[in-house]
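Source file: target.csv; contents: CSV, C-alpha atoms.
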```csv
chain,number,residue,atom,x,y,z
A,1,GLU,CA,-95.2,-49.0,-11.2
A,2,LYS,CA,-95.5,-52.5,-9.6
A,3,GLN,CA,-92.6,-53.7,-11.6
A,4,PHE,CA,-90.4,-50.8,-10.6
A,5,LEU,CA,-91.2,-51.6,-6.9
A,6,THR,CA,-89.9,-55.1,-7.6
A,7,ASN,CA,-86.7,-53.7,-9.1
A,8,ILE,CA,-86.2,-51.5,-6.0
A,9,ARG,CA,-86.7,-54.7,-3.8
A,10,ASN,CA,-84.1,-56.5,-5.9
A,11,SER,CA,-81.6,-53.7,-5.5
A,12,LEU,CA,-82.3,-53.5,-1.7
A,13,ILE,CA,-81.7,-57.2,-1.3
A,14,VAL,CA,-78.6,-57.4,-3.4
A,15,ALA,CA,-77.0,-54.2,-2.0
A,16,SER,CA,-77.8,-55.1,1.6
A,17,VAL,CA,-76.5,-58.7,1.4
A,18,VAL,CA,-73.4,-57.6,-0.4
A,19,THR,CA,-72.8,-54.8,2.2
A,20,ILE,CA,-73.2,-57.0,5.2
A,21,THR,CA,-71.1,-59.8,3.8
A,22,ALA,CA,-68.4,-57.5,2.6
A,23,VAL,CA,-68.1,-55.7,6.0
A,24,ILE,CA,-68.0,-58.9,8.0
A,25,VAL,CA,-65.5,-60.8,5.7
A,26,SER,CA,-63.3,-57.7,5.1
A,27,SER,CA,-63.1,-57.0,8.9
A,28,PHE,CA,-61.4,-60.4,9.5
A,29,ALA,CA,-59.3,-60.0,6.3
A,30,ALA,CA,-58.1,-56.5,7.2
A,31,TYR,CA,-57.4,-57.6,10.8
A,32,SER,CA,-55.3,-60.4,9.6
A,33,VAL,CA,-53.2,-58.1,7.3
A,34,VAL,CA,-52.8,-55.5,10.0
A,35,ARG,CA,-52.2,-57.5,13.2
A,36,PHE,CA,-50.7,-60.8,12.2
A,37,LYS,CA,-47.1,-61.3,11.1
A,38,TYR,CA,-46.6,-63.9,8.4
A,39,ARG,CA,-44.6,-64.2,5.2
A,40,PHE,CA,-45.8,-62.2,2.2
A,41,ARG,CA,-48.1,-60.1,4.3
A,42,GLY,CA,-47.2,-57.0,2.3
A,43,ALA,CA,-47.8,-59.0,-1.0
A,44,VAL,CA,-51.3,-60.0,0.2
A,45,GLY,CA,-52.2,-56.3,0.9
A,46,ARG,CA,-51.0,-55.3,-2.5
A,47,LEU,CA,-52.8,-58.2,-4.1
A,48,ILE,CA,-56.1,-57.0,-2.5
A,49,LEU,CA,-55.6,-53.6,-4.0
A,50,PHE,CA,-54.7,-55.0,-7.4
A,51,ALA,CA,-57.8,-57.2,-7.3
A,52,TYR,CA,-60.0,-54.0,-6.8
A,53,LEU,CA,-58.2,-52.2,-9.6
A,54,THR,CA,-58.7,-55.1,-12.1
A,55,PRO,CA,-61.0,-53.8,-14.9
A,56,THR,CA,-64.4,-55.3,-14.7
A,57,SER,CA,-64.4,-56.2,-18.4
A,58,LEU,CA,-61.6,-58.7,-17.8
A,59,LEU,CA,-63.8,-60.7,-15.4
A,60,PHE,CA,-66.8,-61.2,-17.6
A,61,ILE,CA,-65.8,-64.7,-18.9
A,62,PRO,CA,-64.5,-66.2,-15.6
A,63,LEU,CA,-67.4,-64.8,-13.6
A,64,SER,CA,-69.9,-66.2,-16.2
A,65,ILE,CA,-68.3,-69.6,-16.0
A,66,ILE,CA,-68.4,-69.6,-12.2
A,67,VAL,CA,-72.1,-68.4,-12.1
A,68,ALA,CA,-73.1,-71.0,-14.7
A,69,ARG,CA,-71.4,-73.9,-12.8
A,70,LEU,CA,-73.1,-72.8,-9.6
A,71,HIS,CA,-76.4,-72.8,-11.5
A,72,LEU,CA,-77.1,-69.2,-10.3
A,73,GLY,CA,-77.5,-67.5,-13.7
A,74,ASN,CA,-80.2,-64.9,-13.8
A,75,SER,CA,-80.7,-64.9,-10.1
A,76,LEU,CA,-80.2,-62.4,-7.2
A,77,GLN,CA,-77.8,-64.9,-5.5
A,78,GLY,CA,-75.6,-65.0,-8.6
A,79,LEU,CA,-75.6,-61.2,-8.8
A,80,ILE,CA,-74.6,-61.0,-5.1
A,81,ILE,CA,-71.6,-63.3,-5.7
A,82,VAL,CA,-70.6,-61.3,-8.7
A,83,TYR,CA,-70.8,-58.0,-6.8
A,84,LEU,CA,-68.7,-59.4,-4.0
A,85,THR,CA,-65.7,-59.7,-6.4
A,86,PHE,CA,-65.3,-55.9,-6.4
A,87,ALA,CA,-66.9,-55.2,-2.9
A,88,LEU,CA,-64.6,-57.4,-0.9
A,89,PRO,CA,-61.2,-56.0,-2.1
A,90,LEU,CA,-62.4,-52.4,-1.7
A,91,SER,CA,-63.8,-53.0,1.8
A,92,THR,CA,-60.6,-54.9,2.9
A,93,TRP,CA,-58.3,-52.2,1.6
A,94,LEU,CA,-60.3,-49.4,3.3
A,95,LEU,CA,-60.5,-51.2,6.6
A,96,THR,CA,-56.8,-52.1,6.5
A,97,GLY,CA,-55.9,-48.4,6.5
A,98,TYR,CA,-58.5,-47.7,9.2
A,99,PHE,CA,-57.4,-50.5,11.5
A,100,ARG,CA,-53.8,-49.3,11.3
A,101,GLY,CA,-54.9,-46.1,13.0
A,102,VAL,CA,-56.1,-48.0,16.1
A,103,PRO,CA,-53.2,-48.6,18.6
A,104,ALA,CA,-52.5,-52.3,19.0
A,105,GLU,CA,-51.6,-51.7,22.7
A,106,LEU,CA,-55.3,-51.4,23.4
A,107,GLU,CA,-55.9,-55.0,22.3
A,108,GLU,CA,-52.8,-56.2,24.0
A,109,GLN,CA,-54.0,-54.7,27.3
A,110,ALA,CA,-57.3,-56.5,26.9
A,111,MET,CA,-55.6,-59.8,26.3
A,112,VAL,CA,-53.4,-59.2,29.3
A,113,ASP,CA,-56.7,-58.8,31.3
A,114,GLY,CA,-57.8,-62.2,30.1
A,115,SER,CA,-59.5,-61.5,26.8
A,116,THR,CA,-58.9,-63.7,23.8
A,117,ARG,CA,-57.7,-62.2,20.5
A,118,LEU,CA,-61.1,-62.7,19.0
A,119,GLY,CA,-62.7,-61.0,22.1
A,120,ALA,CA,-60.3,-58.1,21.7
A,121,LEU,CA,-61.3,-57.8,18.1
A,122,PHE,CA,-65.0,-57.6,19.0
A,123,ARG,CA,-64.7,-55.6,22.2
A,124,ILE,CA,-61.9,-53.1,21.4
A,125,LEU,CA,-61.1,-52.8,17.7
A,126,LEU,CA,-64.5,-53.0,16.0
A,127,PRO,CA,-66.2,-50.6,18.4
A,128,LEU,CA,-63.4,-48.1,18.0
A,129,SER,CA,-63.6,-48.6,14.3
A,130,ALA,CA,-67.4,-48.0,14.1
A,131,PRO,CA,-67.0,-44.8,11.9
A,132,GLY,CA,-64.8,-46.7,9.5
A,133,LEU,CA,-67.1,-49.6,9.3
A,134,VAL,CA,-70.0,-47.3,8.6
A,135,ALA,CA,-68.0,-45.5,5.9
A,136,VAL,CA,-67.1,-48.8,4.3
A,137,GLY,CA,-70.7,-50.0,4.4
A,138,ILE,CA,-71.8,-46.7,2.7
A,139,PHE,CA,-69.3,-47.1,-0.1
A,140,THR,CA,-70.1,-50.8,-0.6
A,141,PHE,CA,-73.9,-50.2,-0.6
A,142,THR,CA,-73.6,-47.3,-3.0
A,143,GLY,CA,-71.4,-49.2,-5.4
A,144,ALA,CA,-73.7,-52.3,-5.4
A,145,TRP,CA,-76.9,-50.1,-5.7
A,146,ASN,CA,-75.6,-48.1,-8.7
A,147,GLU,CA,-73.8,-50.9,-10.6
A,148,LEU,CA,-75.2,-51.4,-14.1
A,149,LEU,CA,-72.7,-53.2,-16.3
A,150,LEU,CA,-72.6,-56.5,-14.5
A,151,ALA,CA,-76.3,-56.4,-13.8
A,152,LEU,CA,-76.9,-56.0,-17.6
A,153,ILE,CA,-74.9,-59.2,-18.3
A,154,PHE,CA,-76.1,-61.4,-15.5
A,155,SER,CA,-79.8,-60.4,-15.2
A,156,THR,CA,-81.8,-61.3,-18.2
A,157,SER,CA,-85.4,-61.5,-17.0
A,158,GLU,CA,-87.5,-58.5,-16.1
A,159,ASP,CA,-88.3,-59.6,-12.5
A,160,LYS,CA,-84.6,-59.9,-11.7
A,161,ARG,CA,-83.5,-56.5,-12.8
A,162,THR,CA,-82.1,-54.0,-10.4
A,163,VAL,CA,-83.0,-50.3,-10.4
A,164,PRO,CA,-80.2,-49.0,-12.7
A,165,LEU,CA,-81.0,-51.7,-15.2
A,166,ALA,CA,-84.8,-51.0,-15.1
A,167,ILE,CA,-84.1,-47.3,-15.7
A,168,GLN,CA,-81.8,-48.2,-18.6
A,169,TYR,CA,-84.5,-50.4,-20.2
A,170,LEU,CA,-86.9,-47.4,-20.2
A,171,ILE,CA,-84.8,-46.0,-23.1
A,172,THR,CA,-86.0,-48.0,-26.1
A,173,SER,CA,-85.6,-45.5,-28.9
A,174,ASP,CA,-84.5,-42.0,-29.7
A,175,ASP,CA,-87.6,-40.7,-28.0
A,176,ARG,CA,-86.7,-40.4,-24.3
A,177,PRO,CA,-89.6,-41.0,-21.8
A,178,TRP,CA,-88.4,-38.2,-19.6
A,179,GLY,CA,-91.3,-38.5,-17.1
A,180,PRO,CA,-90.7,-42.1,-16.2
A,181,LEU,CA,-86.9,-41.6,-16.3
A,182,MET,CA,-87.0,-38.7,-13.9
A,183,ALA,CA,-89.4,-40.4,-11.6
A,184,GLY,CA,-87.3,-43.6,-11.6
A,185,ALA,CA,-84.1,-41.6,-10.9
A,186,ILE,CA,-85.7,-39.8,-7.9
A,187,PHE,CA,-87.1,-43.0,-6.4
A,188,SER,CA,-83.8,-44.9,-7.0
A,189,ALA,CA,-81.9,-42.1,-5.3
A,190,LEU,CA,-84.0,-41.9,-2.1
A,191,PRO,CA,-82.6,-45.0,-0.3
A,192,VAL,CA,-79.1,-43.9,-0.9
A,193,VAL,CA,-79.9,-40.3,0.3
A,194,ILE,CA,-81.6,-41.7,3.4
A,195,LEU,CA,-78.6,-44.0,4.1
A,196,TYR,CA,-76.1,-41.1,3.8
A,197,PHE,CA,-78.2,-38.9,6.1
A,198,LEU,CA,-78.5,-41.6,8.8
A,199,ALA,CA,-74.9,-42.7,8.5
A,200,GLN,CA,-73.6,-39.2,8.7
A,201,ARG,CA,-75.3,-38.7,12.0
A,202,PHE,CA,-74.0,-42.0,13.3
A,203,MET,CA,-70.4,-41.2,12.2
A,204,VAL,CA,-70.5,-37.8,14.0
A,205,GLN,CA,-71.9,-39.4,17.1
A,206,GLY,CA,-69.3,-42.2,17.1
A,207,MET,CA,-66.4,-39.8,16.7
A,208,THR,CA,-67.8,-37.5,19.4
A,209,GLN,CA,-68.2,-40.4,21.9
A,210,GLY,CA,-64.7,-41.6,21.1
A,211,SER,CA,-63.2,-38.2,21.8
A,212,VAL,CA,-65.1,-37.9,25.0
A,213,LYS,CA,-64.1,-41.3,26.3
A,214,GLY,CA,-60.4,-40.7,25.3
```
Target format structure tokens, applied to this file:
Amino acid sequence: EKQFLTNIRNSLIVASVVTITAVIVSSFAAYSVVRFKYRFRGAVGRLILFAYLTPTSLLFIPLSIIVARLHLGNSLQGLIIVYLTFALPLSTWLLTGYFRGVPAELEEQAMVDGSTRLGALFRILLPLSAPGLVAVGIFTFTGAWNELLLALIFSTSEDKRTVPLAIQYLITSDDRPWGPLMAGAIFSALPVVILYFLAQRFMVQGMTQGSVKG
């Protein structure tokens, strides 16, 4: 039981850091793709999508080399870096589509009134995109929380395992320990269920406020 609580803590740390980092970085990346005009902008957008669609199995060797050179093998920091390889492209691609739905005239008006472009981003675009940011955060957190294959490769010690990996290691033979498996599945699902419940209320509230203000 104590070890499983450690696994839940590991998953919470990894998924939370990956989600926060992905949302922050992808917000700037998506803003660049949507609002700035430069050569190969379309190619950059397609490259982001192709990066997300790249099969995970093709990244095992290069990711292993990078993690080893950073001396982050069998650590939560290394797992966070590995997870960001699929979280960042997905978050950027989703936010790119959402930012396109926000009229650029609102930011231009703010800049006419004296705001900087960075100020317009934080005061206009991001608040209006709050439901999209929440949705991206949900997808990213869920993906990092449920990921098993990469965790199986990059986490070797028992105290560094995440929840899906800990549940997987409960199966040691043809005889399934259904009691611990079901208990572990329920406890591992609770944080995600709570997150979806709270985020759903936030998204409804944000969209309602936006419609009233408009």
Go through range 135-187 of chain A residue by residue and, counting only C-alpha atoms, keep those with an atom at most 9 Å from range 54-66 of chain A; for each kept residue give the shortest atom pair and its distance in Å to one decimal, ordered by chain and increasing number, as a Markdown table.
```
| residue | atom | partner | partner_atom | distance |
| --- | --- | --- | --- | --- |
| A:Leu149 | CA | A:Thr56 | CA | 8.7 |
| A:Leu150 | CA | A:Phe60 | CA | 8.1 |
| A:Ile153 | CA | A:Phe60 | CA | 8.4 |
| A:Phe154 | CA | A:Ser64 | CA | 7.9 |
```
What's the 8 Å shell around Gln77 in chain A, counting all atoms listed in the file, without same-chain residues fewer than 4 positions away, as an MDAnalysis selection string? chainID A and resid 14 72 81
Show me, as a PyMOL selection string, the residues that have an atom within 9 Å of Leu181 in chain A when counting all atoms listed in the file, minus same-chain residues fewer than 2 positions from it. chain A and resi 167-168+170-171+176-179+183-186
Find the residues around Val193 in chain A up to 12 Å (all atoms listed in the file counted), leave out those fewer than 4 positions away in its own chain, and share them as a PyMOL selection string. chain A and resi 138+141-142+145+186-189+197-200
Contact residues around Leu118 in chain A with only C-alpha atoms at 12 Å, ignoring same-chain residues under 5 positions, as a list in words: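 The contact residues come out as Ser27, Phe28, Tyr31, Ser32, Arg35, Glu107, Glu108, Ala110, Met111, Arg123, Ile124, Leu125 and Leu126 of chain A.
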Pick from A:Leu76, A:Leu95, A:Ala22, A:Ala87 nearest to Val34 in chain A, counting all atoms listed in the file: A:Leu95
CA of Val102 in chain A to CA of Leu128 in chain A, straight-line distance in Å: 7.5 Å
Interatomic distance between CA of Val163 in chain A and CA of Asn7 in chain A? 5.2 Å
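The space between CA of Ser91 in chain A and CA of Asn146 in chain A spans 16.5 Å.
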Residues at most 10 Å from Leu152 in chain A, counting all atoms listed in the file, excluding those fewer than 3 positions away in the same chain, as a ChimeraX atom specification? /A:147-149,155-156,161-162,164-166,168-169
Can you sort out range 126-157 of chain A so it carries N, CA and C atoms, written as a short mmCIF file (atom, residue, chain, number, x, y, z; two decimals), keeping the file's coordinate frame?
```
data_model
loop_
_atom_site.label_atom_id
_atom_site.label_comp_id
_atom_site.auth_asym_id
_atom_site.auth_seq_id
_atom_site.Cartn_x
_atom_site.Cartn_y
_atom_site.Cartn_z
N LEU A 126 -63.28 -53.30 16.84
CA LEU A 126 -64.50 -53.00 16.00
C LEU A 126 -65.29 -51.84 16.60
N PRO A 127 -65.51 -51.77 17.94
CA PRO A 127 -66.20 -50.60 18.40
C PRO A 127 -65.48 -49.28 18.16
N LEU A 128 -64.16 -49.28 18.32
CA LEU A 128 -63.40 -48.10 18.00
C LEU A 128 -63.38 -47.74 16.54
N SER A 129 -63.60 -48.75 15.71
CA SER A 129 -63.60 -48.60 14.30
C SER A 129 -64.98 -48.38 13.69
N ALA A 130 -65.97 -48.13 14.54
CA ALA A 130 -67.40 -48.00 14.10
C ALA A 130 -67.51 -46.96 12.95
N PRO A 131 -66.92 -45.77 13.05
CA PRO A 131 -67.00 -44.80 11.90
C PRO A 131 -66.47 -45.37 10.63
N GLY A 132 -65.35 -46.07 10.72
CA GLY A 132 -64.80 -46.70 9.50
C GLY A 132 -65.63 -47.76 8.94
N LEU A 133 -66.23 -48.58 9.81
CA LEU A 133 -67.10 -49.60 9.30
C LEU A 133 -68.35 -49.05 8.65
N VAL A 134 -68.87 -47.96 9.21
CA VAL A 134 -70.00 -47.30 8.60
C VAL A 134 -69.64 -46.73 7.22
N ALA A 135 -68.47 -46.10 7.15
CA ALA A 135 -68.00 -45.50 5.90
C ALA A 135 -67.86 -46.61 4.81
N VAL A 136 -67.25 -47.72 5.21
CA VAL A 136 -67.10 -48.80 4.30
C VAL A 136 -68.43 -49.38 3.84
N GLY A 137 -69.36 -49.49 4.79
CA GLY A 137 -70.70 -50.00 4.40
C GLY A 137 -71.39 -49.03 3.45
N ILE A 138 -71.19 -47.72 3.62
CA ILE A 138 -71.80 -46.70 2.70
C ILE A 138 -71.23 -46.92 1.31
N PHE A 139 -69.90 -46.97 1.20
CA PHE A 139 -69.30 -47.10 -0.10
C PHE A 139 -69.70 -48.41 -0.80
N THR A 140 -69.75 -49.49 -0.03
CA THR A 140 -70.10 -50.80 -0.60
C THR A 140 -71.58 -50.78 -1.06
N PHE A 141 -72.47 -50.27 -0.22
CA PHE A 141 -73.90 -50.20 -0.60
C PHE A 141 -74.11 -49.37 -1.81
N THR A 142 -73.47 -48.20 -1.84
CA THR A 142 -73.60 -47.30 -3.00
C THR A 142 -73.13 -47.94 -4.27
N GLY A 143 -71.97 -48.60 -4.18
CA GLY A 143 -71.40 -49.20 -5.40
C GLY A 143 -72.31 -50.36 -5.89
N ALA A 144 -72.86 -51.18 -4.97
CA ALA A 144 -73.70 -52.30 -5.40
C ALA A 144 -75.07 -51.73 -5.89
N TRP A 145 -75.57 -50.66 -5.30
CA TRP A 145 -76.90 -50.10 -5.70
C TRP A 145 -76.78 -49.47 -7.10
N ASN A 146 -75.69 -48.82 -7.42
CA ASN A 146 -75.60 -48.10 -8.70
C ASN A 146 -74.98 -48.93 -9.82
N GLU A 147 -74.51 -50.15 -9.54
CA GLU A 147 -73.80 -50.90 -10.60
C GLU A 147 -74.79 -51.31 -11.69
N LEU A 148 -74.32 -51.14 -12.92
CA LEU A 148 -75.20 -51.40 -14.10
C LEU A 148 -74.58 -52.45 -15.03
N LEU A 149 -73.28 -52.39 -15.28
CA LEU A 149 -72.70 -53.20 -16.30
C LEU A 149 -72.84 -54.72 -16.03
N LEU A 150 -72.47 -55.13 -14.82
CA LEU A 150 -72.60 -56.50 -14.50
C LEU A 150 -74.04 -56.99 -14.39
N ALA A 151 -74.91 -56.11 -13.89
CA ALA A 151 -76.30 -56.40 -13.80
C ALA A 151 -76.90 -56.64 -15.25
N LEU A 152 -76.41 -55.85 -16.19
CA LEU A 152 -76.90 -56.00 -17.60
C LEU A 152 -76.50 -57.33 -18.17
N ILE A 153 -75.40 -57.89 -17.71
CA ILE A 153 -74.90 -59.20 -18.30
C ILE A 153 -75.56 -60.36 -17.55
N PHE A 154 -75.69 -60.28 -16.23
CA PHE A 154 -76.10 -61.40 -15.50
C PHE A 154 -77.58 -61.46 -15.10
N SER A 155 -78.32 -60.40 -15.41
CA SER A 155 -79.80 -60.40 -15.20
C SER A 155 -80.49 -60.26 -16.49
N THR A 156 -81.19 -61.32 -16.87
CA THR A 156 -81.80 -61.30 -18.20
C THR A 156 -83.34 -61.20 -18.13
N SER A 157 -83.96 -61.62 -17.04
CA SER A 157 -85.40 -61.50 -17.00
C SER A 157 -85.84 -60.25 -16.27
#
```
